[in-house]
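Engineer: First, the structure itself, so that you have it in front of you.
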Amino acid sequence: MEIDNGSMDEKTKRMRDLLSSFYSPDASTSGSSMGSSNRYASPLEAINTTSFNPDQYMSILVQKSNLEGLLQKHVEMAAEIKNLDTDLQMLVYENYNKFISATDTIKRMNNNIVGMETNMEQLLEKILSVQSRSDGVNTSLFEKREHIEKLHRTRNLLRKVQFIYDLPARLGKCIKTEAYADAVRFYTGAMPIFKVYGDSSFQDCKRASEEAIAIVLKNLQEKLFSDSESIQTRAEAAVLLKQLDFPVDSLKAKLLEKLEQSTLDLQLNAEDLSSALVIGSSKDGNASESVYGASHEASVREFAEAIRAYRVIFADSDRQLIKLAQDLVTKHFDAIEQFIRKQICAADLLRVFGIIWTDVLLLGEVLNDAGLPDYSLKAAQVAVKQYVTCTFSRLLQDISDALAQVHTRKKEEGVQEYSLQLALEDFRQLLEDQSGLTISQRDSIVDWVQEGFQDFFRALVDRFMLLSGKNSSFSQSQVLPEATQAEKVVAGLVLVLAQVSVFIEQTAIPRITEEIAASFSGGGTRGYEYGPAFVPAEICRMFRAAGEKFLHLYINMRSQRISVLLTKRFRTPNWVKHKEPREVHMFVDLFLQELEAIGSEVKQILPQGTRKHRRTDSNGSTTSSRSNPLREEKLNRSNTQRARSQLLETHLAKLFKQKIEIFTRVEFTQGSVVTTAVKLSLKTLLEFVRLQTFNRSGFQQVQLDMQFLRTPLKEIADDEAAIDFLLDEVIVAASERCLDAIPLEPPILDKLIQAKLAKAKYQNPTSP
């Protein structure tokens, strides 16, 4: 089938070439075109061209083919010749029929045209007859037609003369009816006649008309500069003055000044917007807000029509008008900037955006080349970014104020708190809005919100540092100096900052990350080289470090108060001349009160956690380096033997004593904070003891006080082993610094402790 189609295509092509060569008007042209198209063909392929060379063809064919090939070529050429003869015969037959049909048609045309020449001659005679009669009629009516035309011209001239004589009266009527447009039209129509005949025939009419038109000029100028007239009326007056050849260029600046003054009434007032939007939140507020928007829109429409008229009057004033419109839009967004500073919600901001977008569209219809939509979109981007920034600033300030009021427990009345949830809802509303000013800002808003969260949490860490009396370059080596500098800072506030930092790290940041992924994903206006806008891991690290700093600062602030108490206790008396102990010293009560205050404060803020380091689950040994049997045996010796063997026994006890870890990592729990404060206080007490020199009574007083503290401190703190160890260390350090270290016997010690407990119970019956 494909072979048959190929042969049919070759046959069709050959027939087309034959017909083209047969009907070609210029054989040489056809031959030349064929020759030019086939001049690059090989000699074997040039058999169908006019440049065919038989001798060359045969020599090449004989060289390239054998005998069998030549015979095959002979058979093919014989078949082609036969086919060509058949095609030529068919072509002649087909053209012969066409020639016969054309000959018959020409014969019929000759038969139909035979009688046409006679009819044309008759038509020409009739046309000549009509023309001669028409000439006769024109000749007979020529004089009457000339007379009628002359009368018509005279009539028109009389009408003009009558109009000139009636012009002063017409102008007077127009002045009375304030039809100044008609007066200007009448006077400008009579000006050509006045220029020619005004000094002769129509002198009186010209003078009266000029007096009337002077009144018209005066009234038009009054209308142009009258504040009671509308802007459209003043614009029409300027057009009429221009038609009277009045120098209106001097009025251009004055009229433009009028337009600038009218923009003052169109500016959005932050106070009016605030009152309208506040009413809009009430029951009938939508009606009030719509009234405000409708009145403002009507004023803007009137202003737009005035601009249209001004462009008609002054064709070269586009630049001033564009600047005027852009200034109006700029002032709108200046009002929005003030409006944003008043801490508005997103719904109010979008309503104001709607009012501005309506103004932009109305002014854009008049000033197509001003590019007000693009100009307002750029300004709206700045306003939206400012709104996002102000929202985070407001949130930061509210959090700071709330934390600053923690210790005062006062709250200002009439102040609405702004939560993070409200901020997220406002940002979502900005994203979902489809109005003209925010529809193309979604990616930018997403980036601004993410950047805002990142900057907000960074600023919040710095604000926490300021509230705690610390700077951001805090390090643990600066704890004590900075604790001294932060004496005026309330310790409870520092503990609240620590707990809030933990809450932000563990709860707030994950929730905000989920919200951003759900509602504020995407963006793209921020360059990839700057990295992601919101980095939760970085924020978590910052608040984790800040929380630990605040927790250590709180412990050091509380320990500083206890250190002051210990300073007064150990540096005031003369321990070498101390009297025999009669009771537990009152400093113990003050010491326990400070620790109870810490416990009470911690319970209100931190979670309880789990109690650790009890004797039942402590890995450390509960036997002090100066255990009771060893101490009793040592203290019962003679004074001479005790002094000689004391140092040796102390070192031997330390060698066989399992080491106890006193200061462990502080956790955000009640027990951990209180225990650390107790340990730090006892360690401070130990250092004070090591700096003093005691007599026997002074040493026994320290022994009594420490023995009394043993039970209440174990109830307050979690690590009983460390408490026992530190109290024993204090007693042993006092014995080492004692001139005659003879301790109180256990019965006397217990008696004094029981007396103190009974006295405390008597003074405070409600205590357990």
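If you're wondering about the labels, chains in the structure tokens are A, B, ... by order shown, residues count from 1 in each chain, ligands from 1 in order shown.
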Please provide as JSON, numbers by chain all residues within 10 Å of Gly547 in chain A, with the sequence filter that same-chain residues fewer than 5 positions apart are discarded (counting only C-alpha atoms).

Structural biologist: {"A": [461, 464, 494, 495, 496, 497, 498, 499, 500, 501, 502, 503, 504, 505, 541, 542, 552, 553, 668]}

Engineer: Could the residues in this selection be saved with C-alpha atoms as an mmCIF file, in the first residue's frame?

Structural biologist:
data_model
loop_
_atom_site.group_PDB
_atom_site.id
_atom_site.type_symbol
_atom_site.label_atom_id
_atom_site.label_comp_id
_atom_site.auth_asym_id
_atom_site.auth_seq_id
_atom_site.Cartn_x
_atom_site.Cartn_y
_atom_site.Cartn_z
ATOM 1 C CA VAL A 461 14.746 38.415 76.688
ATOM 2 C CA PHE A 464 13.541 40.427 81.170
ATOM 3 C CA VAL A 494 13.232 37.496 89.248
ATOM 4 C CA LEU A 495 11.717 34.118 90.137
ATOM 5 C CA VAL A 496 8.637 34.931 88.043
ATOM 6 C CA LEU A 497 10.920 35.814 85.125
ATOM 7 C CA ALA A 498 12.634 32.450 85.490
ATOM 8 C CA GLN A 499 9.340 30.548 85.437
ATOM 9 C CA VAL A 500 8.005 32.633 82.510
ATOM 10 C CA SER A 501 11.185 31.898 80.565
ATOM 11 C CA VAL A 502 10.684 28.172 81.114
ATOM 12 C CA PHE A 503 7.031 28.466 80.069
ATOM 13 C CA ILE A 504 7.990 30.301 76.871
ATOM 14 C CA GLU A 505 10.631 27.700 76.039
ATOM 15 C CA ARG A 541 18.113 28.323 73.678
ATOM 16 C CA MET A 542 17.905 31.993 74.597
ATOM 17 C CA HIS A 552 20.662 31.579 89.913
ATOM 18 C CA LEU A 553 20.127 35.297 90.385
ATOM 19 C CA PHE A 668 12.924 24.661 88.179
#

Engineer: Point out the residue among A:Ala190, A:Ile81, A:Val239, A:Leu606 with the least atom-to-atom distance to Gln162 in chain A, counting only C-alpha atoms.

Structural biologist: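 Of A:Ala190, A:Ile81, A:Val239, A:Leu606, the one nearest Gln162 in chain A is A:Ala190, counting only C-alpha atoms.
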
Engineer: Quick one: residues within 7 Å of Arg690 in chain A, only C-alpha atoms counted, chain neighbours fewer than 4 positions away excluded, as number ranges by chain?

Structural biologist: A: 686, 733-734, 737
